[in-house]
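Visitor: I am sharing start-v4.cif, which consists of mmCIF, C-alpha atoms and all ligand atoms:
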```
data_structure
#
loop_
_atom_site.label_atom_id
_atom_site.label_comp_id
_atom_site.auth_asym_id
_atom_site.auth_seq_id
_atom_site.Cartn_x
_atom_site.Cartn_y
_atom_site.Cartn_z
CA MET A 1 1.74 47.51 71.74
CA THR A 2 2.65 44.46 73.77
CA ASP A 3 0.60 43.07 76.59
CA ARG A 4 2.54 43.06 79.74
CA THR A 5 1.97 40.68 82.56
CA PRO A 6 2.51 42.70 85.68
CA THR A 7 5.63 41.62 87.52
CA ALA A 8 5.17 40.29 91.04
CA ASP A 9 6.27 43.62 92.42
CA SER A 10 4.49 46.04 90.19
CA ASP A 11 1.69 46.73 92.64
CA ALA A 12 3.82 46.68 95.72
CA ASP A 13 6.45 49.31 96.25
CA PRO A 14 9.73 47.66 97.18
CA ALA A 15 12.45 50.10 98.27
CA VAL A 16 14.52 48.82 95.38
CA ARG A 17 13.69 46.72 92.36
CA ARG A 18 16.40 44.10 91.85
CA LEU A 19 17.35 42.79 88.42
CA ASP A 20 15.81 39.44 89.37
CA ASP A 21 12.46 41.10 90.05
CA TRP A 22 11.88 41.81 86.36
CA ASP A 23 9.71 39.26 84.60
CA ALA A 24 12.03 37.21 82.38
CA ALA A 25 9.37 36.13 79.88
CA GLU A 26 8.20 39.68 79.45
CA LEU A 27 11.72 40.98 78.85
CA ARG A 28 12.42 38.18 76.35
CA SER A 29 9.31 39.05 74.42
CA LEU A 30 10.33 42.72 74.34
CA ALA A 31 13.73 41.68 72.98
CA ASP A 32 11.99 39.58 70.32
CA GLU A 33 9.64 42.32 69.31
CA TYR A 34 11.97 45.32 69.37
CA ASP A 35 15.35 43.65 68.78
CA THR A 36 18.46 44.37 70.83
CA PRO A 37 20.26 46.25 72.23
CA ALA A 38 17.21 47.86 73.78
CA TYR A 39 16.71 50.02 76.81
CA VAL A 40 13.59 49.33 78.84
CA ILE A 41 12.26 52.08 81.09
CA ASP A 42 9.30 51.47 83.39
CA LEU A 43 7.46 54.74 83.86
CA ASP A 44 5.24 53.28 86.58
CA ARG A 45 8.29 52.40 88.65
CA ILE A 46 9.62 55.95 88.19
CA ARG A 47 6.33 57.28 89.54
CA GLN A 48 6.58 54.93 92.54
CA ASN A 49 10.09 56.12 93.27
CA TYR A 50 9.02 59.74 93.01
CA ARG A 51 6.06 59.22 95.33
CA ARG A 52 8.22 57.42 97.88
CA ILE A 53 10.87 60.13 98.15
CA ALA A 54 8.27 62.91 98.03
CA ALA A 55 6.25 61.24 100.83
CA ALA A 56 9.36 60.78 102.97
CA PHE A 57 10.31 64.44 102.72
CA ASP A 58 6.70 65.58 103.03
CA ALA A 59 6.54 63.82 106.38
CA ALA A 60 9.65 65.63 107.62
CA PHE A 61 9.27 69.10 106.07
CA ASP A 62 6.62 71.69 105.46
CA ASP A 63 5.81 71.53 101.76
CA PRO A 64 9.20 70.57 100.29
CA THR A 65 9.82 70.68 96.54
CA VAL A 66 11.12 67.47 94.99
CA MET A 67 12.42 68.24 91.50
CA PHE A 68 13.80 65.88 88.87
CA ALA A 69 17.45 66.27 87.80
CA VAL A 70 16.92 65.98 84.08
CA LYS A 71 20.50 65.09 83.23
CA ALA A 72 19.90 61.55 84.54
CA HIS A 73 17.56 61.00 81.61
CA SER A 74 16.29 63.77 79.37
CA GLY A 75 13.86 61.67 77.36
CA ARG A 76 10.42 63.04 76.78
CA ALA A 77 8.46 60.08 78.16
CA VAL A 78 10.36 60.19 81.45
CA MET A 79 9.87 63.94 81.85
CA GLU A 80 6.18 63.68 80.97
CA ALA A 81 5.64 61.04 83.65
CA LEU A 82 7.45 63.08 86.28
CA LEU A 83 5.74 66.34 85.30
CA ASP A 84 2.48 64.47 85.69
CA GLU A 85 3.60 63.54 89.23
CA GLY A 86 4.14 67.23 89.88
CA ALA A 87 7.93 67.24 89.75
CA PRO A 88 9.55 70.50 88.65
CA MET A 89 12.49 70.05 86.28
CA GLU A 90 16.06 70.84 87.37
CA CYS A 91 17.92 71.53 84.14
CA ALA A 92 21.70 71.67 84.08
CA ALA A 93 21.99 72.90 80.49
CA ALA A 94 20.01 75.05 78.08
CA GLY A 95 19.36 71.97 75.96
CA GLU A 96 17.66 70.39 78.96
CA VAL A 97 15.50 73.49 79.36
CA PHE A 98 14.54 73.17 75.71
CA ARG A 99 13.63 69.51 76.15
CA ALA A 100 11.72 70.13 79.40
CA LEU A 101 9.62 72.81 77.68
CA ARG A 102 8.98 70.48 74.79
CA ALA A 103 7.86 67.78 77.24
CA GLY A 104 5.26 70.22 78.52
CA ALA A 105 6.95 71.84 81.50
CA ASP A 106 5.78 75.28 82.40
CA PRO A 107 8.78 77.66 82.52
CA ASP A 108 8.12 78.34 86.20
CA GLU A 109 8.43 74.61 86.83
CA ILE A 110 12.00 74.83 85.52
CA GLN A 111 15.13 75.66 87.45
CA TYR A 112 18.24 76.20 85.38
CA THR A 113 21.63 75.44 86.90
CA GLY A 114 24.54 76.68 84.84
CA VAL A 115 28.06 75.34 85.40
CA ASN A 116 30.49 77.42 83.34
CA PRO A 117 27.47 78.26 81.19
CA PRO A 118 28.26 78.94 77.53
CA ASP A 119 27.04 82.29 76.12
CA ASP A 120 24.48 80.57 73.94
CA ASP A 121 23.03 78.77 76.96
CA LEU A 122 22.64 82.03 78.87
CA ASP A 123 21.10 83.75 75.84
CA TYR A 124 18.59 80.94 75.53
CA VAL A 125 17.56 80.66 79.18
CA VAL A 126 17.31 84.43 79.64
CA GLY A 127 15.11 84.43 76.55
CA VAL A 128 12.86 81.81 78.14
CA TRP A 129 12.83 83.73 81.43
CA GLU A 130 11.71 86.93 79.66
CA ASP A 131 8.35 85.28 79.05
CA ALA A 132 8.33 83.52 82.41
CA PRO A 133 9.58 85.82 85.16
CA GLU A 134 8.96 83.19 87.84
CA MET A 135 11.70 80.95 86.48
CA THR A 136 14.73 80.58 88.76
CA LEU A 137 18.28 80.68 87.45
CA ASN A 138 21.07 79.13 89.51
CA VAL A 139 24.74 79.94 88.98
CA GLY A 140 27.94 79.19 90.85
CA ALA A 141 30.23 82.10 90.04
CA GLU A 142 29.98 85.89 90.36
CA ASP A 143 31.14 85.98 86.82
CA SER A 144 27.96 84.22 85.73
CA VAL A 145 25.84 86.72 87.70
CA GLU A 146 27.50 89.53 85.78
CA ARG A 147 26.88 87.75 82.49
CA LEU A 148 23.20 87.33 83.38
CA ALA A 149 22.97 91.04 84.21
CA GLU A 150 24.53 91.91 80.85
CA ARG A 151 21.61 90.07 79.27
CA GLY A 152 19.08 92.09 81.22
CA PHE A 153 18.23 89.40 83.76
CA ASP A 154 16.74 90.86 86.94
CA GLY A 155 14.65 87.94 88.16
CA ARG A 156 14.91 85.13 90.69
CA LEU A 157 18.51 84.13 91.27
CA CYS A 158 19.85 81.17 93.19
CA LEU A 159 23.53 80.89 94.06
CA ARG A 160 25.30 77.58 93.99
CA VAL A 161 27.54 76.96 96.96
CA ASN A 162 30.64 74.82 97.16
CA PRO A 163 30.07 73.24 100.58
CA GLY A 164 33.56 71.76 100.79
CA ILE A 165 32.09 68.33 101.52
CA ALA A 166 31.94 65.75 98.78
CA ALA A 167 30.06 62.50 98.50
CA GLY A 168 29.44 59.93 95.86
CA HIS A 169 30.08 56.52 94.42
CA HIS A 170 33.10 57.61 92.37
CA GLU A 171 35.65 60.46 92.29
CA LYS A 172 34.24 61.57 88.95
CA VAL A 173 30.82 62.43 90.38
CA LYS A 174 31.88 64.06 93.65
CA THR A 175 31.01 67.69 93.11
CA GLY A 176 30.71 69.03 96.66
CA ALA A 177 34.36 69.95 97.14
CA HIS A 178 35.52 70.33 93.55
CA PRO A 179 36.41 73.97 92.85
CA LYS A 180 34.55 73.85 89.53
CA PHE A 181 31.21 73.84 91.32
CA GLY A 182 29.77 76.73 93.25
CA ILE A 183 30.97 79.72 95.18
CA PRO A 184 33.42 78.79 97.96
CA TYR A 185 31.41 78.30 101.15
CA ASP A 186 33.11 81.01 103.18
CA ALA A 187 32.76 83.60 100.42
CA VAL A 188 28.99 83.14 99.99
CA PRO A 189 27.69 85.72 102.52
CA ASP A 190 29.82 88.47 100.95
CA VAL A 191 28.85 87.46 97.44
CA VAL A 192 25.15 87.47 98.34
CA GLU A 193 25.54 90.90 99.91
CA ARG A 194 27.32 92.24 96.84
CA VAL A 195 24.76 90.77 94.45
CA ARG A 196 21.92 92.19 96.52
CA ALA A 197 23.58 95.60 96.57
CA GLU A 198 24.78 95.82 92.99
CA TYR A 199 22.20 94.00 90.90
CA GLU A 200 18.46 94.18 90.45
CA MET A 201 18.19 90.42 90.87
CA ASP A 202 16.34 88.82 93.72
CA VAL A 203 18.54 86.27 95.55
CA VAL A 204 15.86 83.72 96.43
CA GLY A 205 17.83 80.58 97.11
CA LEU A 206 21.06 78.77 97.87
CA HIS A 207 21.92 75.50 96.21
CA ALA A 208 24.53 72.77 96.50
CA HIS A 209 24.97 69.24 95.22
CA ALA A 210 27.48 67.12 97.13
CA GLY A 211 27.72 64.22 94.71
CA SER A 212 25.92 61.17 93.47
CA GLY A 213 25.20 57.77 94.96
CA MET A 214 24.75 58.31 98.70
CA LEU A 215 23.79 55.17 100.64
CA ASP A 216 23.07 54.67 104.36
CA GLU A 217 26.77 54.57 105.28
CA ASP A 218 27.18 58.11 103.91
CA MET A 219 24.51 59.56 106.19
CA ASP A 220 26.93 61.23 108.60
CA ALA A 221 28.59 63.10 105.75
CA HIS A 222 25.12 64.00 104.45
CA ALA A 223 24.09 65.35 107.85
CA GLU A 224 27.28 67.40 108.12
CA TYR A 225 26.73 68.79 104.64
CA VAL A 226 23.09 69.65 105.26
CA GLY A 227 23.98 71.24 108.61
CA LYS A 228 26.52 73.50 106.94
CA MET A 229 23.98 74.52 104.31
CA GLY A 230 21.40 75.28 107.01
CA ASP A 231 23.90 77.49 108.86
CA LEU A 232 24.72 79.33 105.68
CA ALA A 233 21.07 79.85 104.75
CA ARG A 234 20.39 81.32 108.21
CA GLU A 235 23.42 83.60 107.93
CA VAL A 236 22.40 84.88 104.50
CA GLY A 237 18.74 85.16 105.47
CA ASP A 238 15.69 86.21 103.48
CA LEU A 239 15.54 83.21 101.17
CA ASP A 240 12.60 81.44 99.56
CA PHE A 241 14.37 78.11 99.42
CA LEU A 242 17.41 76.03 100.19
CA ASP A 243 18.20 73.42 97.54
CA ILE A 244 20.32 70.54 98.84
CA GLY A 245 20.73 68.86 95.45
CA GLY A 246 20.41 65.20 94.54
CA GLY A 247 22.69 62.26 95.08
CA PHE A 248 20.32 59.82 96.78
CA GLY A 249 21.77 56.41 96.01
CA VAL A 250 20.39 53.15 94.74
CA PRO A 251 21.98 49.75 95.47
CA TYR A 252 23.29 48.35 92.20
CA ARG A 253 24.48 45.15 93.88
CA ASP A 254 22.09 42.60 95.28
CA ASP A 255 23.89 42.48 98.62
CA GLU A 256 23.60 46.23 99.19
CA ASP A 257 20.66 47.58 101.14
CA PRO A 258 18.39 50.24 99.72
CA LEU A 259 18.64 53.69 101.18
CA ASP A 260 16.23 54.20 104.07
CA ILE A 261 14.67 57.28 102.53
CA ASP A 262 12.42 58.04 105.51
CA ALA A 263 15.48 58.05 107.74
CA VAL A 264 17.32 60.30 105.28
CA ALA A 265 14.46 62.80 105.33
CA GLU A 266 14.30 62.72 109.12
CA ARG A 267 18.07 63.08 109.47
CA THR A 268 18.01 65.94 106.97
CA ARG A 269 15.44 67.77 109.04
CA GLU A 270 17.42 67.29 112.26
CA ALA A 271 20.68 68.37 110.63
CA LEU A 272 19.15 71.39 108.96
CA GLY A 273 17.65 72.94 112.06
CA GLU A 274 14.99 75.64 111.93
CA LEU A 275 14.81 77.36 108.62
CA ASP A 276 12.36 79.88 107.29
CA ALA A 277 12.69 78.68 103.70
CA THR A 278 11.36 75.82 101.58
CA LEU A 279 13.54 72.75 101.19
CA LYS A 280 14.22 71.69 97.62
CA LEU A 281 15.85 68.51 96.42
CA GLU A 282 16.66 67.29 92.95
CA PRO A 283 17.09 63.53 92.73
CA GLY A 284 17.95 61.91 89.42
CA ARG A 285 19.38 58.47 90.00
CA TYR A 286 17.02 57.64 92.87
CA LEU A 287 13.98 58.07 90.64
CA LEU A 288 15.26 56.19 87.64
CA ALA A 289 18.07 53.71 88.22
CA ASP A 290 15.99 50.66 89.15
CA ALA A 291 13.24 51.57 86.68
CA GLY A 292 15.39 50.56 83.74
CA CYS A 293 17.29 47.65 82.31
CA LEU A 294 19.19 47.04 79.09
CA LEU A 295 18.49 44.02 76.90
CA ALA A 296 21.25 42.51 74.78
CA THR A 297 21.87 39.37 72.74
CA VAL A 298 24.84 37.05 73.07
CA ASN A 299 26.70 36.73 69.78
CA THR A 300 30.05 35.16 70.74
CA ILE A 301 31.33 32.66 73.28
CA LYS A 302 35.06 32.19 73.33
CA ASP A 303 37.06 30.06 75.73
CA THR A 304 40.51 31.46 76.36
CA PRO A 305 43.23 30.30 78.75
CA GLU A 306 42.33 33.09 81.20
CA THR A 307 38.58 33.39 80.99
CA THR A 308 35.48 32.75 78.97
CA VAL A 309 34.62 35.77 76.88
CA VAL A 310 30.96 36.44 76.15
CA GLY A 311 30.29 38.95 73.39
CA ILE A 312 27.01 40.86 73.40
CA ASP A 313 25.52 43.47 71.09
CA ALA A 314 25.45 46.24 73.73
CA SER A 315 28.67 48.11 74.37
CA MET A 316 30.26 50.95 76.27
CA THR A 317 28.57 53.24 73.76
CA THR A 318 25.20 51.91 74.89
CA LEU A 319 26.00 51.97 78.62
CA ILE A 320 29.21 53.75 79.55
CA ARG A 321 29.03 53.52 83.35
CA PRO A 322 31.18 50.36 83.73
CA ALA A 323 33.89 51.79 81.46
CA MET A 324 33.75 55.30 82.86
CA TYR A 325 33.19 54.74 86.58
CA GLY A 326 34.05 51.07 86.99
CA ALA A 327 30.37 50.80 87.92
CA TYR A 328 28.85 47.44 88.77
CA HIS A 329 25.72 46.44 86.86
CA GLY A 330 24.06 43.08 87.40
CA ILE A 331 23.83 40.78 84.36
CA ARG A 332 21.12 38.15 84.06
CA ASN A 333 20.67 35.44 81.49
CA LEU A 334 17.00 35.49 80.60
CA THR A 335 17.11 32.50 78.26
CA ASN A 336 19.28 29.98 80.11
CA PRO A 337 19.26 31.03 83.75
CA ASP A 338 20.05 27.53 85.01
CA ALA A 339 23.12 26.84 82.90
CA PRO A 340 26.29 25.93 84.82
CA VAL A 341 27.92 28.94 86.45
CA GLU A 342 31.38 29.94 85.23
CA PRO A 343 33.53 33.03 85.55
CA LEU A 344 32.60 35.11 82.50
CA THR A 345 34.00 38.26 80.97
CA VAL A 346 31.23 40.07 79.14
CA GLY A 347 32.00 42.72 76.54
CA GLY A 348 30.62 44.46 73.49
CA PRO A 349 31.67 45.15 69.91
CA VAL A 350 33.85 48.21 70.57
CA CYS A 351 37.56 47.88 69.93
CA GLU A 352 38.64 49.09 73.35
CA SER A 353 39.47 47.03 76.42
CA SER A 354 37.25 49.28 78.54
CA ASP A 355 34.28 47.93 76.60
CA THR A 356 33.75 45.27 79.24
CA PHE A 357 30.73 44.97 81.50
CA CYS A 358 32.36 42.52 83.91
CA ARG A 359 35.47 40.42 84.30
CA ASP A 360 35.44 36.85 85.55
CA ARG A 361 32.04 37.26 87.10
CA PRO A 362 30.33 33.97 88.05
CA LEU A 363 27.34 33.76 85.69
CA PRO A 364 25.44 30.99 83.92
CA ARG A 365 27.32 30.10 80.76
CA PRO A 366 25.12 31.36 77.91
CA GLU A 367 24.59 30.05 74.42
CA ARG A 368 24.80 32.12 71.30
CA GLY A 369 21.46 33.91 70.81
CA ASP A 370 20.60 34.10 74.50
CA THR A 371 19.01 37.30 75.74
CA VAL A 372 20.65 38.96 78.71
CA ALA A 373 19.46 41.85 80.84
CA ILE A 374 21.80 44.38 82.42
CA GLY A 375 20.31 45.91 85.55
CA HIS A 376 19.82 49.40 86.94
CA THR A 377 20.29 51.30 83.71
CA GLY A 378 17.46 53.80 84.11
CA ALA A 379 19.69 56.68 85.21
CA TYR A 380 22.73 57.81 83.23
CA GLY A 381 22.14 54.93 80.82
CA TYR A 382 20.50 56.15 77.65
CA ALA A 383 21.42 59.71 78.67
CA MET A 384 25.11 58.90 78.27
CA ALA A 385 24.84 56.68 75.20
CA SER A 386 26.89 57.82 72.23
CA GLN A 387 27.54 57.04 68.60
CA PHE A 388 31.23 56.34 69.23
CA HIS A 389 32.53 53.53 67.05
CA SER A 390 29.65 54.33 64.69
CA GLN A 391 27.21 52.53 66.92
CA PRO A 392 23.65 53.74 66.34
CA ARG A 393 21.99 54.39 69.68
CA PRO A 394 19.53 51.69 70.74
CA VAL A 395 15.77 51.75 70.85
CA GLU A 396 14.18 52.72 74.13
CA ILE A 397 10.97 50.96 75.17
CA ALA A 398 8.70 52.59 77.72
CA LEU A 399 6.47 50.46 79.93
CA GLU A 400 3.38 52.11 81.33
CA GLY A 401 0.03 50.86 82.58
CA GLY A 402 0.72 47.31 81.42
CA GLU A 403 1.72 48.28 77.89
CA ALA A 404 4.97 48.70 76.02
CA ARG A 405 5.71 51.36 73.41
CA VAL A 406 8.71 52.87 71.68
CA ALA A 407 9.82 55.96 73.58
CA ARG A 408 12.68 56.57 71.17
CA ARG A 409 13.32 54.62 68.03
CA ARG A 410 16.54 52.81 67.27
CA GLU A 411 18.99 54.92 65.29
CA THR A 412 19.96 53.79 61.82
CA PHE A 413 23.20 54.14 59.87
CA ASP A 414 21.57 57.14 58.18
CA ASP A 415 21.32 58.78 61.60
CA LEU A 416 25.08 58.43 61.92
CA VAL A 417 25.73 60.63 58.89
CA ARG A 418 22.65 62.86 58.96
CA LEU A 419 24.51 65.99 60.08
CA GLU A 420 27.46 65.70 57.75
CA GLU A 421 27.69 68.49 55.12
C1 LIG A 501 23.52 65.42 88.43
C2 LIG A 501 22.88 66.39 89.33
C3 LIG A 501 21.84 66.01 90.18
C4 LIG A 501 21.32 64.60 90.27
O1 LIG A 501 22.18 63.73 90.90
P1 LIG A 501 21.68 62.25 91.21
O2 LIG A 501 22.84 61.59 91.84
O3 LIG A 501 21.31 61.63 89.92
O4 LIG A 501 20.53 62.36 92.14
C5 LIG A 501 21.24 66.98 90.96
N1 LIG A 501 21.65 68.27 90.90
C6 LIG A 501 22.64 68.67 90.10
C7 LIG A 501 23.01 70.10 90.07
C8 LIG A 501 23.30 67.75 89.30
O5 LIG A 501 24.28 68.16 88.50
#
```
Translate this structure into structure tokens?

Guide:
Amino acid sequence: MTDRTPTADSDADPAVRRLDDWDAAELRSLADEYDTPAYVIDLDRIRQNYRRIAAAFDAAFDDPTVMFAVKAHSGRAVMEALLDEGAPMECAAAGEVFRALRAGADPDEIQYTGVNPPDDDLDYVVGVWEDAPEMTLNVGAEDSVERLAERGFDGRLCLRVNPGIAAGHHEKVKTGAHPKFGIPYDAVPDVVERVRAEYEMDVVGLHAHAGSGMLDEDMDAHAEYVGKMGDLAREVGDLDFLDIGGGFGVPYRDDEDPLDIDAVAERTREALGELDATLKLEPGRYLLADAGCLLATVNTIKDTPETTVVGIDASMTTLIRPAMYGAYHGIRNLTNPDAPVEPLTVGGPVCESSDTFCRDRPLPRPERGDTVAIGHTGAYGYAMASQFHSQPRPVEIALEGGEARVARRRETFDDLVRLEE
């Protein structure tokens, strides 16, 4: 356990926590104690983010349900904190259902959303549902409904809709118009009618997820999307809930404004119109992104004719978002913040040119051994870490109530070979 001096902002509730808001001395001492690379996740900040979005939607809607999209981070400590806040778990895979149950979720606090669900996933979730008939299963193809029926499922069914409107920070996360996701918008009323006529299941909800990373400038698209979903829910009728998905964005760059979440909730209510069904949402990124950072140590400084290369011990296997989405993550030198600023290219130990966190970004020139922090890694950070290049996954340190603890230990070389026969 490490004593933690509260950061200046830990009692307040800023709409976004910037990388500079983290206490440098505290992060350096975590790096010393737990070694690097190390993910830091602040459970208190996650709770703040949950309360803020829940309060915003509570003010605009009658008893909305704000779930947590587990795929943003399926670690036990994170789920426990959010379950404690009262967040139901939105699970996009059977493995996530397994982990949510293990973290203490009640099965009726779990919604399962299957995209092209493998047989084993359906077997598992129907098995869980058999002991928990209040659990809701959400699928986006008639085919999947049939496969659930084959397994004896006759419980609460939600149908995923393809709204034909996409949003998001990158093509790879825009799901709202991609044919892979959901039943085509115009076909939904007929599908619902058929399912209601032909199966014993109870169609209790409609669901859609437009994409990930919405900021204020995407509000018009959001309103259009929500309006379409409201129209569809009214046409289908007799629903317990309408689930509009996640996608609420967080500014990764210092010059971007945080989402005005109260305005989003208000705009959502206006766009939705009157609806005799509960509103559900399932944020992931919004709850977690600014609650995490990644600590790394500088091991190499190399001047080249084009740029100065800074090598660190975190890589694309630790945090894949820059390589995969071209995502921007702030980088802060915690040891030598006042060194002269130079254009730096920061990369890790993986033998791939995509293993680069930034190119020619003006940053203080570090020295070997300096600790750096990479910002906004709470969502889709650890969750997407891999063992590629035989890189053991890093330790994850949870901060809570002024104390630090290991949420997940650092992997060892033995962990790399553990499953080999
Ligand atoms: C990924 C996902 C979310 C969460 O998206 P965020 O952008 O992290 O809020 C919500 N719902 C579904 C179905 C998802 O696949």

Visitor: Grab the CA of Ala166 in chain A to CA of Gly230 in chain A distance for me, in Å with one decimal place.

Guide: 16.4 Å

Visitor: With a distance cut-off of 10 Å and only C-alpha atoms, select the neighbouring residues of Arg160 in chain A, excluding the residue or stretch itself and same-chain residues fewer than 2 positions from it, and output the selection as a list of chain:residue names.

Guide: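 Listing them by chain and then by number gives A:Thr113, A:Gly114, A:Val115, A:Asn138, A:Val139, A:Gly140, A:Ala141, A:Leu157, A:Cys158, A:Asn162, A:Pro163, A:Phe181, A:Gly182, A:Ile183, A:Pro184, A:Tyr185, A:Val188, A:Gly205, A:Leu206, A:His207, A:Ala208, A:His209, A:Asp243, A:Ile244, A:Gly245.
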
Visitor: Pick the closest to Asp360 in chain A from A:Ala323, A:Met79, A:Val309, A:Ile397: which is it, counting all atoms listed in the file?

Guide: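 Answer, going by the shortest atom-to-atom distance: A:Val309.
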
Visitor: All residues within 9 Å of ligand LIG 501 (chain A) are required, counting all atoms listed in the file; please report them as a PyMOL selection string.

Guide: chain A and resi 67-72+90-92+113-115+160+168+173+175+207-214+244-249+281-289+379-380

Visitor: Would you mind telling me which residue in A:His178, A:Arg102, A:Arg267, A:Arg147 lies nearest to Asp123 in chain A when using only C-alpha atoms?

Guide: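 Looking only at the distances to Asp123 in chain A, the closest residue turns out to be A:Arg147.
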
Visitor: Could you tell me how far CA of Leu137 in chain A sits from CA of Arg194 in chain A, in Å to one decimal place?

Guide: 17.4 Å

Visitor: List the neighbours of Thr318 in chain A out to 12 Å using only C-alpha atoms; skip same-chain residues closer than 4 positions along the sequence, and give me the result as JSON, numbers by chain.

Guide: {"A": [36, 37, 38, 39, 293, 294, 295, 296, 312, 313, 314, 322, 323, 347, 348, 349, 350, 355, 356, 357, 374, 377, 380, 381, 382, 383, 384, 385, 386, 387, 388, 389, 390, 391, 392, 393, 394, 395, 396, 410, 411]}

Visitor: Go ahead and write the selection's residues with C-alpha atoms as a PDB file, in the frame of the given file.

Guide:
```
ATOM      1  CA  THR A  36      18.460  44.370  70.830  1.00  0.00           C
ATOM      2  CA  PRO A  37      20.260  46.250  72.230  1.00  0.00           C
ATOM      3  CA  ALA A  38      17.210  47.860  73.780  1.00  0.00           C
ATOM      4  CA  TYR A  39      16.710  50.020  76.810  1.00  0.00           C
ATOM      5  CA  CYS A 293      17.290  47.650  82.310  1.00  0.00           C
ATOM      6  CA  LEU A 294      19.190  47.040  79.090  1.00  0.00           C
ATOM      7  CA  LEU A 295      18.490  44.020  76.900  1.00  0.00           C
ATOM      8  CA  ALA A 296      21.250  42.510  74.780  1.00  0.00           C
ATOM      9  CA  ILE A 312      27.010  40.860  73.400  1.00  0.00           C
ATOM     10  CA  ASP A 313      25.520  43.470  71.090  1.00  0.00           C
ATOM     11  CA  ALA A 314      25.450  46.240  73.730  1.00  0.00           C
ATOM     12  CA  PRO A 322      31.180  50.360  83.730  1.00  0.00           C
ATOM     13  CA  ALA A 323      33.890  51.790  81.460  1.00  0.00           C
ATOM     14  CA  GLY A 347      32.000  42.720  76.540  1.00  0.00           C
ATOM     15  CA  GLY A 348      30.620  44.460  73.490  1.00  0.00           C
ATOM     16  CA  PRO A 349      31.670  45.150  69.910  1.00  0.00           C
ATOM     17  CA  VAL A 350      33.850  48.210  70.570  1.00  0.00           C
ATOM     18  CA  ASP A 355      34.280  47.930  76.600  1.00  0.00           C
ATOM     19  CA  THR A 356      33.750  45.270  79.240  1.00  0.00           C
ATOM     20  CA  PHE A 357      30.730  44.970  81.500  1.00  0.00           C
ATOM     21  CA  ILE A 374      21.800  44.380  82.420  1.00  0.00           C
ATOM     22  CA  THR A 377      20.290  51.300  83.710  1.00  0.00           C
ATOM     23  CA  TYR A 380      22.730  57.810  83.230  1.00  0.00           C
ATOM     24  CA  GLY A 381      22.140  54.930  80.820  1.00  0.00           C
ATOM     25  CA  TYR A 382      20.500  56.150  77.650  1.00  0.00           C
ATOM     26  CA  ALA A 383      21.420  59.710  78.670  1.00  0.00           C
ATOM     27  CA  MET A 384      25.110  58.900  78.270  1.00  0.00           C
ATOM     28  CA  ALA A 385      24.840  56.680  75.200  1.00  0.00           C
ATOM     29  CA  SER A 386      26.890  57.820  72.230  1.00  0.00           C
ATOM     30  CA  GLN A 387      27.540  57.040  68.600  1.00  0.00           C
ATOM     31  CA  PHE A 388      31.230  56.340  69.230  1.00  0.00           C
ATOM     32  CA  HIS A 389      32.530  53.530  67.050  1.00  0.00           C
ATOM     33  CA  SER A 390      29.650  54.330  64.690  1.00  0.00           C
ATOM     34  CA  GLN A 391      27.210  52.530  66.920  1.00  0.00           C
ATOM     35  CA  PRO A 392      23.650  53.740  66.340  1.00  0.00           C
ATOM     36  CA  ARG A 393      21.990  54.390  69.680  1.00  0.00           C
ATOM     37  CA  PRO A 394      19.530  51.690  70.740  1.00  0.00           C
ATOM     38  CA  VAL A 395      15.770  51.750  70.850  1.00  0.00           C
ATOM     39  CA  GLU A 396      14.180  52.720  74.130  1.00  0.00           C
ATOM     40  CA  ARG A 410      16.540  52.810  67.270  1.00  0.00           C
ATOM     41  CA  GLU A 411      18.990  54.920  65.290  1.00  0.00           C
TER      42      GLU A 411
END
```

Visitor: Hey, what's within 9 Å of Pro107 in chain A if we count all atoms listed in the file and toss same-chain stuff fewer than 5 positions away? As a PDB file with C-alpha atoms, keeping the file's coordinate frame, please?

Guide:
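Output contents, as saved in part16.pdb:
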```
ATOM      1  CA  VAL A  97      15.500  73.490  79.360  1.00  0.00           C
ATOM      2  CA  ALA A 100      11.720  70.130  79.400  1.00  0.00           C
ATOM      3  CA  LEU A 101       9.620  72.810  77.680  1.00  0.00           C
ATOM      4  CA  VAL A 128      12.860  81.810  78.140  1.00  0.00           C
ATOM      5  CA  TRP A 129      12.830  83.730  81.430  1.00  0.00           C
ATOM      6  CA  ASP A 131       8.350  85.280  79.050  1.00  0.00           C
ATOM      7  CA  ALA A 132       8.330  83.520  82.410  1.00  0.00           C
ATOM      8  CA  PRO A 133       9.580  85.820  85.160  1.00  0.00           C
ATOM      9  CA  GLU A 134       8.960  83.190  87.840  1.00  0.00           C
ATOM     10  CA  MET A 135      11.700  80.950  86.480  1.00  0.00           C
TER      11      MET A 135
END
```

Visitor: Within 7 Å of Asp240 in chain A, counting only C-alpha atoms, which residues show up once you throw out same-chain ones fewer than 5 positions away? Write them as a PyMOL selection string, please.

Guide: chain A and resi 204-205+277-278

Visitor: Between CA of Phe98 in chain A and CA of Val417 in chain A, what is the spacing in Å?

Guide: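 Interatomic distance, CA of Val417 in chain A to CA of Phe98 in chain A: 23.8 Å.
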
Visitor: Which residue, A:Ser354, A:Thr412, A:Thr371, A:Thr335, has the smallest gap to Ala31 in chain A when you use all atoms listed in the file?

Guide: A:Thr371

Visitor: Point out the residue among A:Leu239, A:Val310, A:Met316, A:Leu259 with the least atom-to-atom distance to Asp276 in chain A, counting all atoms listed in the file.

Guide: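 Counting all atoms listed in the file, the residue closest to Asp276 in chain A is A:Leu239.
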
Visitor: Using only C-alpha atoms, pick whichever of A:Glu96, A:Asp303, A:Asp290, A:Asp143 has the shortest atom-to-atom distance to Val125 in chain A.

Guide: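 Looking only at the distances to Val125 in chain A, the closest residue turns out to be A:Glu96.
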